[in-house]
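> For reference, the file model-v8.txt (compact mmCIF, N, CA and C atoms) is included below:
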# COMPACT_ATOMS: atom_id res chain seq x y z
N MET M 1 17.10 -20.04 -13.28
CA MET M 1 15.90 -19.34 -13.73
C MET M 1 15.48 -18.33 -12.65
N GLN M 2 15.22 -17.12 -13.04
CA GLN M 2 14.83 -16.05 -12.13
C GLN M 2 13.37 -16.23 -11.72
N ILE M 3 13.10 -16.32 -10.42
CA ILE M 3 11.71 -16.47 -9.97
C ILE M 3 11.33 -15.42 -8.92
N ASP M 4 11.94 -14.23 -8.99
CA ASP M 4 11.59 -13.18 -8.04
C ASP M 4 10.13 -12.77 -8.15
N TRP M 5 9.52 -12.97 -9.29
CA TRP M 5 8.13 -12.60 -9.49
C TRP M 5 7.21 -13.34 -8.53
N ILE M 6 7.65 -14.51 -8.06
CA ILE M 6 6.81 -15.31 -7.17
C ILE M 6 6.50 -14.56 -5.88
N TRP M 7 7.46 -13.73 -5.41
CA TRP M 7 7.22 -12.95 -4.18
C TRP M 7 6.10 -11.93 -4.39
N GLY M 8 6.05 -11.34 -5.56
CA GLY M 8 4.95 -10.42 -5.87
C GLY M 8 3.61 -11.15 -5.90
N LEU M 9 3.61 -12.34 -6.47
CA LEU M 9 2.40 -13.14 -6.53
C LEU M 9 1.94 -13.53 -5.12
N ILE M 10 2.87 -13.95 -4.29
CA ILE M 10 2.53 -14.32 -2.91
C ILE M 10 2.04 -13.09 -2.14
N GLY M 11 2.75 -11.96 -2.28
CA GLY M 11 2.34 -10.74 -1.59
C GLY M 11 0.96 -10.28 -2.02
N GLY M 12 0.71 -10.30 -3.31
CA GLY M 12 -0.61 -9.92 -3.82
C GLY M 12 -1.70 -10.83 -3.28
N GLY M 13 -1.41 -12.12 -3.24
CA GLY M 13 -2.39 -13.07 -2.69
C GLY M 13 -2.67 -12.81 -1.21
N LEU M 14 -1.63 -12.48 -0.46
CA LEU M 14 -1.80 -12.18 0.96
C LEU M 14 -2.60 -10.89 1.17
N ILE M 15 -2.31 -9.87 0.35
CA ILE M 15 -3.07 -8.61 0.46
C ILE M 15 -4.54 -8.85 0.10
N GLY M 16 -4.79 -9.59 -0.96
CA GLY M 16 -6.16 -9.90 -1.35
C GLY M 16 -6.90 -10.70 -0.29
N THR M 17 -6.21 -11.66 0.31
CA THR M 17 -6.82 -12.46 1.38
C THR M 17 -7.12 -11.59 2.59
N ALA M 18 -6.18 -10.70 2.95
CA ALA M 18 -6.41 -9.80 4.08
C ALA M 18 -7.60 -8.89 3.81
N GLY M 19 -7.71 -8.38 2.59
CA GLY M 19 -8.84 -7.52 2.24
C GLY M 19 -10.17 -8.26 2.33
N ALA M 20 -10.19 -9.49 1.83
CA ALA M 20 -11.41 -10.29 1.89
C ALA M 20 -11.79 -10.62 3.33
N MET M 21 -10.80 -10.98 4.13
CA MET M 21 -11.06 -11.29 5.54
C MET M 21 -11.55 -10.06 6.29
N PHE M 22 -10.94 -8.91 6.03
CA PHE M 22 -11.35 -7.68 6.71
C PHE M 22 -12.80 -7.36 6.36
N LEU M 23 -13.17 -7.52 5.10
CA LEU M 23 -14.55 -7.26 4.68
C LEU M 23 -15.51 -8.26 5.30
N LEU M 24 -15.14 -9.54 5.30
CA LEU M 24 -16.03 -10.57 5.85
C LEU M 24 -16.20 -10.42 7.36
N VAL M 25 -15.13 -10.13 8.07
CA VAL M 25 -15.19 -10.05 9.53
C VAL M 25 -15.79 -8.74 10.01
N ASN M 26 -15.41 -7.63 9.37
CA ASN M 26 -15.82 -6.31 9.85
C ASN M 26 -16.92 -5.65 9.03
N GLY M 27 -17.16 -6.16 7.84
CA GLY M 27 -18.17 -5.55 6.99
C GLY M 27 -17.74 -4.21 6.40
N ARG M 28 -16.44 -3.94 6.43
CA ARG M 28 -15.91 -2.67 5.91
C ARG M 28 -14.74 -2.95 4.96
N ILE M 29 -14.48 -1.98 4.11
CA ILE M 29 -13.39 -2.06 3.14
C ILE M 29 -12.06 -1.85 3.85
N MET M 30 -11.06 -2.64 3.48
CA MET M 30 -9.72 -2.52 4.04
C MET M 30 -8.95 -1.47 3.24
N GLY M 31 -9.15 -0.24 3.58
CA GLY M 31 -8.39 0.85 2.97
C GLY M 31 -7.47 1.42 4.02
N ALA M 32 -6.17 1.30 3.80
CA ALA M 32 -5.21 1.76 4.81
C ALA M 32 -5.38 3.24 5.12
N SER M 33 -5.64 4.06 4.10
CA SER M 33 -5.79 5.50 4.35
C SER M 33 -7.02 5.77 5.20
N GLY M 34 -8.08 5.03 5.00
CA GLY M 34 -9.27 5.19 5.83
C GLY M 34 -9.04 4.73 7.26
N LEU M 35 -8.28 3.65 7.41
CA LEU M 35 -7.97 3.16 8.75
C LEU M 35 -7.12 4.18 9.51
N ILE M 36 -6.11 4.71 8.84
CA ILE M 36 -5.25 5.72 9.48
C ILE M 36 -6.04 7.00 9.71
N GLY M 37 -6.80 7.43 8.71
CA GLY M 37 -7.58 8.66 8.83
C GLY M 37 -8.54 8.64 10.01
N GLY M 38 -9.18 7.49 10.24
CA GLY M 38 -10.09 7.37 11.37
C GLY M 38 -9.39 7.51 12.71
N LEU M 39 -8.14 7.07 12.76
CA LEU M 39 -7.37 7.23 13.99
C LEU M 39 -6.93 8.68 14.18
N VAL M 40 -6.54 9.32 13.08
CA VAL M 40 -6.03 10.69 13.16
C VAL M 40 -7.15 11.68 13.48
N ASP M 41 -8.29 11.56 12.80
CA ASP M 41 -9.36 12.54 13.01
C ASP M 41 -10.32 12.18 14.14
N GLY M 42 -10.10 11.03 14.78
CA GLY M 42 -10.91 10.64 15.93
C GLY M 42 -12.24 10.00 15.58
N SER M 43 -12.48 9.68 14.32
CA SER M 43 -13.76 9.09 13.93
C SER M 43 -13.78 7.56 14.02
N ALA M 44 -12.70 6.97 14.54
CA ALA M 44 -12.61 5.51 14.62
C ALA M 44 -13.62 4.94 15.62
N GLY M 45 -13.95 5.70 16.65
CA GLY M 45 -14.93 5.24 17.63
C GLY M 45 -14.52 3.94 18.29
N ASN M 46 -15.44 2.97 18.27
CA ASN M 46 -15.15 1.69 18.93
C ASN M 46 -14.30 0.76 18.08
N THR M 47 -13.88 1.20 16.89
CA THR M 47 -13.00 0.38 16.05
C THR M 47 -11.54 0.79 16.18
N LYS M 48 -11.24 1.64 17.15
CA LYS M 48 -9.89 2.17 17.31
C LYS M 48 -8.85 1.06 17.45
N TRP M 49 -9.11 0.10 18.32
CA TRP M 49 -8.08 -0.91 18.61
C TRP M 49 -7.93 -1.92 17.47
N GLU M 50 -8.99 -2.21 16.74
CA GLU M 50 -8.83 -3.10 15.59
C GLU M 50 -8.04 -2.40 14.48
N ARG M 51 -8.21 -1.11 14.35
CA ARG M 51 -7.43 -0.33 13.38
C ARG M 51 -5.96 -0.31 13.78
N VAL M 52 -5.71 -0.07 15.07
CA VAL M 52 -4.34 -0.06 15.57
C VAL M 52 -3.69 -1.43 15.35
N ALA M 53 -4.42 -2.50 15.64
CA ALA M 53 -3.88 -3.85 15.46
C ALA M 53 -3.55 -4.13 14.00
N PHE M 54 -4.46 -3.77 13.11
CA PHE M 54 -4.24 -4.00 11.68
C PHE M 54 -3.02 -3.23 11.19
N LEU M 55 -2.95 -1.94 11.53
CA LEU M 55 -1.84 -1.10 11.07
C LEU M 55 -0.52 -1.52 11.72
N THR M 56 -0.56 -2.01 12.95
CA THR M 56 0.65 -2.52 13.59
C THR M 56 1.18 -3.72 12.81
N GLY M 57 0.28 -4.59 12.38
CA GLY M 57 0.69 -5.73 11.56
C GLY M 57 1.29 -5.30 10.24
N VAL M 58 0.73 -4.26 9.64
CA VAL M 58 1.25 -3.74 8.37
C VAL M 58 2.68 -3.22 8.55
N VAL M 59 2.95 -2.60 9.69
CA VAL M 59 4.29 -2.06 9.96
C VAL M 59 5.26 -3.16 10.38
N LEU M 60 4.82 -4.07 11.24
CA LEU M 60 5.73 -5.08 11.80
C LEU M 60 6.06 -6.23 10.84
N MET M 61 5.15 -6.57 9.95
CA MET M 61 5.39 -7.72 9.07
C MET M 61 6.62 -7.54 8.18
N PRO M 62 6.83 -6.40 7.54
CA PRO M 62 8.06 -6.25 6.75
C PRO M 62 9.32 -6.35 7.61
N ILE M 63 9.25 -5.85 8.83
CA ILE M 63 10.41 -5.95 9.73
C ILE M 63 10.69 -7.41 10.04
N LEU M 64 9.64 -8.17 10.33
CA LEU M 64 9.80 -9.60 10.60
C LEU M 64 10.34 -10.33 9.37
N LEU M 65 9.78 -10.06 8.22
CA LEU M 65 10.25 -10.73 7.00
C LEU M 65 11.69 -10.36 6.66
N ARG M 66 12.07 -9.13 6.98
CA ARG M 66 13.46 -8.71 6.73
C ARG M 66 14.44 -9.52 7.57
N THR M 67 14.04 -9.87 8.79
CA THR M 67 14.92 -10.70 9.63
C THR M 67 14.93 -12.15 9.14
N LEU M 68 13.83 -12.63 8.59
CA LEU M 68 13.77 -14.00 8.09
C LEU M 68 14.47 -14.15 6.74
N TYR M 69 14.41 -13.10 5.92
CA TYR M 69 14.99 -13.12 4.58
C TYR M 69 15.90 -11.91 4.39
N PRO M 70 17.07 -11.91 5.02
CA PRO M 70 17.95 -10.73 4.96
C PRO M 70 18.51 -10.43 3.58
N SER M 71 18.48 -11.39 2.67
CA SER M 71 19.04 -11.16 1.34
C SER M 71 18.08 -10.39 0.43
N GLY M 72 16.85 -10.19 0.86
CA GLY M 72 15.88 -9.47 0.04
C GLY M 72 16.26 -8.00 -0.11
N ASP M 73 15.98 -7.45 -1.28
CA ASP M 73 16.31 -6.06 -1.56
C ASP M 73 15.03 -5.29 -1.86
N PRO M 74 14.61 -4.37 -0.96
CA PRO M 74 13.37 -3.65 -1.20
C PRO M 74 13.48 -2.53 -2.22
N HIS M 75 14.69 -2.26 -2.73
CA HIS M 75 14.93 -1.23 -3.75
C HIS M 75 14.51 0.16 -3.28
N LEU M 76 14.78 0.48 -2.01
CA LEU M 76 14.47 1.82 -1.50
C LEU M 76 15.59 2.78 -1.83
N SER M 77 15.23 4.01 -2.02
CA SER M 77 16.22 5.05 -2.26
C SER M 77 16.90 5.42 -0.95
N ASP M 78 18.18 5.75 -1.01
CA ASP M 78 18.89 6.24 0.17
C ASP M 78 18.68 7.74 0.36
N ASN M 79 18.07 8.38 -0.61
CA ASN M 79 17.85 9.82 -0.57
C ASN M 79 16.61 10.12 0.27
N LEU M 80 16.81 10.64 1.49
CA LEU M 80 15.69 10.89 2.40
C LEU M 80 14.75 11.98 1.89
N ILE M 81 15.28 12.93 1.14
CA ILE M 81 14.42 13.98 0.57
C ILE M 81 13.46 13.37 -0.45
N VAL M 82 13.98 12.48 -1.28
CA VAL M 82 13.13 11.81 -2.27
C VAL M 82 12.05 11.00 -1.56
N LEU M 83 12.42 10.28 -0.50
CA LEU M 83 11.44 9.49 0.24
C LEU M 83 10.37 10.37 0.88
N ALA M 84 10.78 11.51 1.45
CA ALA M 84 9.82 12.42 2.08
C ALA M 84 8.87 13.02 1.05
N VAL M 85 9.40 13.46 -0.09
CA VAL M 85 8.55 14.03 -1.14
C VAL M 85 7.61 12.95 -1.69
N ALA M 86 8.12 11.74 -1.87
CA ALA M 86 7.27 10.65 -2.36
C ALA M 86 6.13 10.37 -1.38
N GLY M 87 6.45 10.34 -0.10
CA GLY M 87 5.42 10.12 0.91
C GLY M 87 4.36 11.21 0.91
N LEU M 88 4.80 12.45 0.78
CA LEU M 88 3.85 13.56 0.72
C LEU M 88 2.97 13.48 -0.53
N LEU M 89 3.58 13.13 -1.67
CA LEU M 89 2.79 13.01 -2.90
C LEU M 89 1.78 11.87 -2.81
N VAL M 90 2.17 10.77 -2.19
CA VAL M 90 1.22 9.67 -1.99
C VAL M 90 0.07 10.11 -1.10
N GLY M 91 0.39 10.86 -0.04
CA GLY M 91 -0.65 11.36 0.85
C GLY M 91 -1.61 12.29 0.14
N VAL M 92 -1.09 13.21 -0.68
CA VAL M 92 -1.93 14.13 -1.44
C VAL M 92 -2.81 13.35 -2.42
N GLY M 93 -2.22 12.38 -3.11
CA GLY M 93 -2.99 11.57 -4.05
C GLY M 93 -4.09 10.77 -3.36
N THR M 94 -3.78 10.28 -2.18
CA THR M 94 -4.76 9.52 -1.41
C THR M 94 -5.95 10.40 -1.03
N ARG M 95 -5.67 11.63 -0.64
CA ARG M 95 -6.76 12.55 -0.28
C ARG M 95 -7.57 12.93 -1.52
N LEU M 96 -6.88 13.17 -2.66
CA LEU M 96 -7.59 13.53 -3.89
C LEU M 96 -8.50 12.39 -4.37
N ALA M 97 -8.01 11.16 -4.24
CA ALA M 97 -8.77 10.01 -4.72
C ALA M 97 -9.76 9.49 -3.69
N ASN M 98 -9.75 10.10 -2.48
CA ASN M 98 -10.62 9.65 -1.40
C ASN M 98 -10.40 8.17 -1.10
N GLY M 99 -9.14 7.77 -1.11
CA GLY M 99 -8.80 6.39 -0.80
C GLY M 99 -7.43 6.05 -1.35
N CYS M 100 -6.98 4.85 -1.07
CA CYS M 100 -5.63 4.45 -1.43
C CYS M 100 -5.64 3.18 -2.28
N THR M 101 -4.46 2.68 -2.53
CA THR M 101 -4.34 1.50 -3.39
C THR M 101 -5.01 0.28 -2.79
N SER M 102 -4.98 0.14 -1.47
CA SER M 102 -5.64 -1.03 -0.88
C SER M 102 -7.15 -0.91 -0.96
N GLY M 103 -7.68 0.28 -0.72
CA GLY M 103 -9.12 0.45 -0.78
C GLY M 103 -9.68 0.40 -2.19
N HIS M 104 -9.07 1.17 -3.10
CA HIS M 104 -9.57 1.23 -4.48
C HIS M 104 -9.05 0.06 -5.32
N GLY M 105 -7.73 -0.17 -5.27
CA GLY M 105 -7.13 -1.18 -6.14
C GLY M 105 -7.46 -2.60 -5.76
N VAL M 106 -7.28 -2.94 -4.50
CA VAL M 106 -7.50 -4.32 -4.07
C VAL M 106 -8.99 -4.58 -3.83
N CYS M 107 -9.58 -3.78 -2.96
CA CYS M 107 -10.98 -4.04 -2.58
C CYS M 107 -11.98 -3.49 -3.57
N GLY M 108 -11.72 -2.30 -4.11
CA GLY M 108 -12.67 -1.71 -5.05
C GLY M 108 -12.77 -2.49 -6.35
N MET M 109 -11.63 -2.82 -6.93
CA MET M 109 -11.66 -3.55 -8.20
C MET M 109 -12.22 -4.96 -8.03
N SER M 110 -11.95 -5.59 -6.90
CA SER M 110 -12.47 -6.95 -6.69
C SER M 110 -13.99 -6.94 -6.53
N ARG M 111 -14.56 -5.79 -6.16
CA ARG M 111 -16.01 -5.65 -6.07
C ARG M 111 -16.60 -5.07 -7.35
N LEU M 112 -15.74 -4.92 -8.38
CA LEU M 112 -16.13 -4.37 -9.68
C LEU M 112 -16.66 -2.95 -9.58
N SER M 113 -16.06 -2.15 -8.68
CA SER M 113 -16.44 -0.77 -8.49
C SER M 113 -15.85 0.10 -9.60
N ILE M 114 -16.70 0.85 -10.29
CA ILE M 114 -16.25 1.76 -11.34
C ILE M 114 -15.27 2.78 -10.74
N ARG M 115 -15.62 3.30 -9.57
CA ARG M 115 -14.75 4.27 -8.89
C ARG M 115 -13.39 3.64 -8.57
N GLY M 116 -13.39 2.38 -8.16
CA GLY M 116 -12.14 1.68 -7.88
C GLY M 116 -11.28 1.54 -9.13
N PHE M 117 -11.90 1.19 -10.26
CA PHE M 117 -11.15 1.06 -11.51
C PHE M 117 -10.59 2.42 -11.96
N ALA M 118 -11.40 3.47 -11.83
CA ALA M 118 -10.96 4.81 -12.24
C ALA M 118 -9.80 5.29 -11.37
N ALA M 119 -9.93 5.13 -10.05
CA ALA M 119 -8.86 5.56 -9.14
C ALA M 119 -7.58 4.77 -9.39
N THR M 120 -7.72 3.47 -9.60
CA THR M 120 -6.55 2.63 -9.85
C THR M 120 -5.85 3.03 -11.14
N ALA M 121 -6.61 3.30 -12.18
CA ALA M 121 -6.01 3.76 -13.44
C ALA M 121 -5.26 5.07 -13.23
N CYS M 122 -5.84 5.96 -12.44
CA CYS M 122 -5.18 7.26 -12.18
C CYS M 122 -3.89 7.09 -11.40
N TYR M 123 -3.89 6.26 -10.35
CA TYR M 123 -2.65 6.17 -9.59
C TYR M 123 -1.59 5.34 -10.30
N ILE M 124 -1.97 4.41 -11.14
CA ILE M 124 -0.97 3.69 -11.94
C ILE M 124 -0.35 4.64 -12.96
N LEU M 125 -1.18 5.47 -13.59
CA LEU M 125 -0.68 6.47 -14.54
C LEU M 125 0.24 7.46 -13.84
N ALA M 126 -0.16 7.95 -12.67
CA ALA M 126 0.67 8.91 -11.92
C ALA M 126 1.99 8.26 -11.50
N GLY M 127 1.97 7.01 -11.12
CA GLY M 127 3.21 6.31 -10.76
C GLY M 127 4.14 6.17 -11.96
N GLY M 128 3.58 5.83 -13.11
CA GLY M 128 4.39 5.71 -14.32
C GLY M 128 5.01 7.04 -14.73
N VAL M 129 4.22 8.10 -14.66
CA VAL M 129 4.73 9.44 -14.98
C VAL M 129 5.82 9.84 -13.99
N SER M 130 5.62 9.52 -12.71
CA SER M 130 6.61 9.85 -11.68
C SER M 130 7.93 9.14 -11.93
N VAL M 131 7.88 7.86 -12.27
CA VAL M 131 9.11 7.12 -12.57
C VAL M 131 9.80 7.70 -13.79
N LEU M 132 9.04 7.99 -14.82
CA LEU M 132 9.61 8.59 -16.02
C LEU M 132 10.28 9.92 -15.70
N LEU M 133 9.60 10.75 -14.95
CA LEU M 133 10.12 12.07 -14.63
C LEU M 133 11.33 11.99 -13.68
N PHE M 134 11.15 11.36 -12.53
CA PHE M 134 12.18 11.39 -11.49
C PHE M 134 13.37 10.47 -11.77
N ARG M 135 13.13 9.31 -12.33
CA ARG M 135 14.24 8.39 -12.56
C ARG M 135 14.90 8.63 -13.90
N HIS M 136 14.12 8.72 -14.95
CA HIS M 136 14.68 8.75 -16.29
C HIS M 136 15.02 10.15 -16.80
N LEU M 137 14.24 11.14 -16.44
CA LEU M 137 14.51 12.49 -16.92
C LEU M 137 15.38 13.30 -15.95
N LEU M 138 15.07 13.23 -14.64
CA LEU M 138 15.81 14.00 -13.65
C LEU M 138 16.94 13.20 -13.00
N GLY M 139 16.84 11.89 -13.01
CA GLY M 139 17.87 11.02 -12.44
C GLY M 139 18.04 11.14 -10.94
N VAL M 140 16.98 11.47 -10.21
CA VAL M 140 17.12 11.64 -8.76
C VAL M 140 16.89 10.36 -7.96
N ILE M 141 16.33 9.33 -8.58
CA ILE M 141 16.17 8.06 -7.86
C ILE M 141 16.75 6.94 -8.68
Using C-alpha cells, write down the structure from this file.


Amino acid sequence: MQIDWIWGLIGGGLIGTAGAMFLLVNGRIMGASGLIGGLVDGSAGNTKWERVAFLTGVVLMPILLRTLYPSGDPHLSDNLIVLAVAGLLVGVGTRLANGCTSGHGVCGMSRLSIRGFAATACYILAGGVSVLLFRHLLGVI
C-alpha cells in the first residue's frame, strides 16, 4: 500500500506547529518572505539573529533529512533555467501578494484572515495554471 502521503501530512503538521510557535513566542506571523525581506532591506532591527536562525533551519533541515532518508525523491527539475524562472516568478508573486505561502496560507488561513484565503486561492490557481502551461502544454518540466 502506497503511503507517501504521510510525509505531506507530517510536513504540514510541522509547518503548522512552527507557525504557531513563532506566533506564540514572537507575537509575529511566520512569513518566510517577510523574514527574508527584513534582512534584505535592513528593517529587521533587533530581530536580525532570530530571523537568521529561523531561515538557517529552513535551509539546513532538508539537507539533514536528505542524509537521513536518501531514497526520497524531491521531484526537482534538472533544468536550471526552469528553476531560475520559477524562483523569479515565486518572488514576483510574493511581492504582488505582500506575503508568501507560509504567511498567507499557513498563518493567515489558520487565523481566518480573508486576505489569507484570497492570497492562498490566487497562488494555488497560479500554480495550477503554471503546471498546465509548462508541463502539459509546453513540456519543459

> One decimal, Å: what's the distance from atom C of Thr56 in chain M over to atom N of Gly12 in chain M, could you say?

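These two atoms are separated by 17.4 Å.
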
> Contacts of range 105-121 of chain M at 8 Å or less, counting only C-alpha atoms, minus same-chain residues fewer than 3 places along, as a PyMOL selection string?

chain M and resi 15-16+19-20+29-31+97+100-102+124-125

> Find the distance between atom N of Leu23 in chain M and CA of Gly103 in chain M and write it in Å to one decimal.

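So the two atoms, atom N of Leu23 in chain M and CA of Gly103 in chain M, lie 10.7 Å apart.
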
> Smallest atom-to-atom distance to Tyr123 in chain M: which of M:Gly87, M:Ile6, M:Val40, M:Gly93, using only N, CA and C atoms?

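Between M:Gly87, M:Ile6, M:Val40, M:Gly93, the residue approaching Tyr123 in chain M most closely is M:Gly93.
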
> Please report the interatomic distance between atom C of Leu133 in chain M and atom C of Gly99 in chain M in Å with one decimal.

23.2 Å
